[in-house]
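Visitor: Before anything else, here's the structure in question.
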Amino acid sequence: MPNKLTGFWKFVSHYKYAIVIIVGTLVVVFFDENSVVRRIQLDLQIDDLEDEISSYRQRNADNVRRLNELKRNPTAIEKIAREQYFMKADNEDIYVLSDDKKAPDPNDNLSETGDNE
């Protein structure tokens with residue numbers, strides 16, 4: 001048994017700097033709370049949040065532009081009312097066209113199968 005312990009001690013004492021460097025690198029890269037892996041995850045999260053911020057800024061700019069247009073142009077209010085809320089003037093009729101296909105009528109199946117008695 002002392003032979004094995006002596007052999008292990010010789011190995012450790014011979015490669016002590018390499019062992020310390022390897023263990024230190026593993027701790028810094030994987031196990032520390034400020035590890036490199038955690039840093040990469042946070043950088044990816046920051047990129048996602050910056051993209052989200054830019055999209056919100058673009059939406060805000062579009063909404064401010066539309067709001068200014070509504071304040072300056074009274075016909076813009078009428079346009080929005082007609083397009084989004086399907087409102088109409090008192091003296092006009094509106095026809096809504098649909099491209100949806102008509103659902104089959106279950107009563108039509110009886111006449112096709114020949115079950116009429």
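Here's how to read the names in the structure tokens: chain A, B, ... by the order shown, residue numbers from 1 in each chain, ligand numbers from 1 in the order shown.
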For the structure I just gave you, how does DSSP split chain A - specifically, which residues are helix (DSSP H, G or I)? Reply as an MDAnalysis selection string.

Guide: chainID A and resid 2:14 16:31 36:72 74:85 108:113

Visitor: For those residues, write C-alpha atoms to a file as a PDB file, in the first residue's frame.

Guide:
```pdb
ATOM      1  CA  PRO A   2       2.745   2.499   0.773  1.00  0.00           C
ATOM      2  CA  ASN A   3       4.120   1.805  -2.706  1.00  0.00           C
ATOM      3  CA  LYS A   4       0.895   2.981  -4.348  1.00  0.00           C
ATOM      4  CA  LEU A   5       0.733   6.053  -2.146  1.00  0.00           C
ATOM      5  CA  THR A   6       4.367   6.877  -2.854  1.00  0.00           C
ATOM      6  CA  GLY A   7       3.829   6.453  -6.596  1.00  0.00           C
ATOM      7  CA  PHE A   8       0.780   8.705  -6.482  1.00  0.00           C
ATOM      8  CA  TRP A   9       2.682  11.324  -4.478  1.00  0.00           C
ATOM      9  CA  LYS A  10       5.556  11.294  -6.952  1.00  0.00           C
ATOM     10  CA  PHE A  11       3.107  11.760  -9.849  1.00  0.00           C
ATOM     11  CA  VAL A  12       1.351  14.673  -8.098  1.00  0.00           C
ATOM     12  CA  SER A  13       4.599  16.357  -7.086  1.00  0.00           C
ATOM     13  CA  HIS A  14       6.013  15.973 -10.595  1.00  0.00           C
ATOM     14  CA  LYS A  16       1.651  19.737  -9.621  1.00  0.00           C
ATOM     15  CA  TYR A  17       1.659  22.851 -11.795  1.00  0.00           C
ATOM     16  CA  ALA A  18      -0.160  21.121 -14.653  1.00  0.00           C
ATOM     17  CA  ILE A  19      -2.751  19.704 -12.250  1.00  0.00           C
ATOM     18  CA  VAL A  20      -3.341  23.127 -10.658  1.00  0.00           C
ATOM     19  CA  ILE A  21      -3.684  24.765 -14.077  1.00  0.00           C
ATOM     20  CA  ILE A  22      -6.126  22.106 -15.326  1.00  0.00           C
ATOM     21  CA  VAL A  23      -8.270  22.195 -12.165  1.00  0.00           C
ATOM     22  CA  GLY A  24      -8.231  26.010 -12.127  1.00  0.00           C
ATOM     23  CA  THR A  25      -9.244  26.167 -15.778  1.00  0.00           C
ATOM     24  CA  LEU A  26     -12.114  23.727 -15.191  1.00  0.00           C
ATOM     25  CA  VAL A  27     -13.359  25.776 -12.260  1.00  0.00           C
ATOM     26  CA  VAL A  28     -13.209  29.033 -14.212  1.00  0.00           C
ATOM     27  CA  VAL A  29     -14.785  27.617 -17.377  1.00  0.00           C
ATOM     28  CA  PHE A  30     -17.549  25.430 -15.918  1.00  0.00           C
ATOM     29  CA  PHE A  31     -18.106  25.600 -12.156  1.00  0.00           C
ATOM     30  CA  VAL A  36     -17.256  31.356 -19.235  1.00  0.00           C
ATOM     31  CA  VAL A  37     -20.335  29.250 -20.005  1.00  0.00           C
ATOM     32  CA  ARG A  38     -22.513  31.565 -17.914  1.00  0.00           C
ATOM     33  CA  ARG A  39     -20.918  34.574 -19.622  1.00  0.00           C
ATOM     34  CA  ILE A  40     -21.799  33.185 -23.065  1.00  0.00           C
ATOM     35  CA  GLN A  41     -25.381  32.533 -21.953  1.00  0.00           C
ATOM     36  CA  LEU A  42     -25.697  36.095 -20.668  1.00  0.00           C
ATOM     37  CA  ASP A  43     -24.236  37.518 -23.891  1.00  0.00           C
ATOM     38  CA  LEU A  44     -26.823  35.595 -25.925  1.00  0.00           C
ATOM     39  CA  GLN A  45     -29.576  36.852 -23.640  1.00  0.00           C
ATOM     40  CA  ILE A  46     -28.311  40.425 -24.025  1.00  0.00           C
ATOM     41  CA  ASP A  47     -28.386  40.065 -27.827  1.00  0.00           C
ATOM     42  CA  ASP A  48     -31.985  38.832 -27.694  1.00  0.00           C
ATOM     43  CA  LEU A  49     -33.008  41.692 -25.429  1.00  0.00           C
ATOM     44  CA  GLU A  50     -31.306  44.255 -27.674  1.00  0.00           C
ATOM     45  CA  ASP A  51     -33.231  42.873 -30.657  1.00  0.00           C
ATOM     46  CA  GLU A  52     -36.443  43.145 -28.659  1.00  0.00           C
ATOM     47  CA  ILE A  53     -35.597  46.736 -27.673  1.00  0.00           C
ATOM     48  CA  SER A  54     -34.978  47.685 -31.304  1.00  0.00           C
ATOM     49  CA  SER A  55     -38.304  46.168 -32.375  1.00  0.00           C
ATOM     50  CA  TYR A  56     -40.104  48.091 -29.601  1.00  0.00           C
ATOM     51  CA  ARG A  57     -38.373  51.300 -30.658  1.00  0.00           C
ATOM     52  CA  GLN A  58     -39.464  50.718 -34.270  1.00  0.00           C
ATOM     53  CA  ARG A  59     -43.054  50.059 -33.166  1.00  0.00           C
ATOM     54  CA  ASN A  60     -42.953  53.187 -31.003  1.00  0.00           C
ATOM     55  CA  ALA A  61     -41.693  55.294 -33.902  1.00  0.00           C
ATOM     56  CA  ASP A  62     -44.458  53.926 -36.157  1.00  0.00           C
ATOM     57  CA  ASN A  63     -47.109  54.603 -33.526  1.00  0.00           C
ATOM     58  CA  VAL A  64     -45.836  58.154 -32.922  1.00  0.00           C
ATOM     59  CA  ARG A  65     -45.914  58.799 -36.664  1.00  0.00           C
ATOM     60  CA  ARG A  66     -49.483  57.478 -36.928  1.00  0.00           C
ATOM     61  CA  LEU A  67     -50.555  59.503 -33.886  1.00  0.00           C
ATOM     62  CA  ASN A  68     -49.105  62.691 -35.375  1.00  0.00           C
ATOM     63  CA  GLU A  69     -50.918  61.933 -38.622  1.00  0.00           C
ATOM     64  CA  LEU A  70     -54.177  61.519 -36.715  1.00  0.00           C
ATOM     65  CA  LYS A  71     -53.644  64.843 -34.953  1.00  0.00           C
ATOM     66  CA  ARG A  72     -52.916  66.695 -38.224  1.00  0.00           C
ATOM     67  CA  PRO A  74     -58.996  64.461 -39.675  1.00  0.00           C
ATOM     68  CA  THR A  75     -59.564  62.210 -42.697  1.00  0.00           C
ATOM     69  CA  ALA A  76     -57.050  59.764 -41.210  1.00  0.00           C
ATOM     70  CA  ILE A  77     -59.466  59.135 -38.328  1.00  0.00           C
ATOM     71  CA  GLU A  78     -62.198  58.351 -40.835  1.00  0.00           C
ATOM     72  CA  LYS A  79     -59.871  56.014 -42.726  1.00  0.00           C
ATOM     73  CA  ILE A  80     -58.997  54.078 -39.562  1.00  0.00           C
ATOM     74  CA  ALA A  81     -62.642  53.907 -38.529  1.00  0.00           C
ATOM     75  CA  ARG A  82     -63.610  52.496 -41.924  1.00  0.00           C
ATOM     76  CA  GLU A  83     -60.738  50.012 -42.306  1.00  0.00           C
ATOM     77  CA  GLN A  84     -60.299  48.676 -38.797  1.00  0.00           C
ATOM     78  CA  TYR A  85     -63.733  49.044 -37.228  1.00  0.00           C
ATOM     79  CA  ASP A 108     -77.673  17.489 -48.797  1.00  0.00           C
ATOM     80  CA  ASN A 109     -76.128  14.062 -48.091  1.00  0.00           C
ATOM     81  CA  LEU A 110     -79.536  12.393 -47.775  1.00  0.00           C
ATOM     82  CA  SER A 111     -80.536  13.224 -51.333  1.00  0.00           C
ATOM     83  CA  GLU A 112     -77.171  12.065 -52.751  1.00  0.00           C
ATOM     84  CA  THR A 113     -77.145   8.622 -51.103  1.00  0.00           C
TER      85      THR A 113
END
```

Visitor: Please compute the CA of Lys102 (chain A)-CA of Phe86 (chain A) distance, one decimal, in Å.

Guide: 22.9 Å
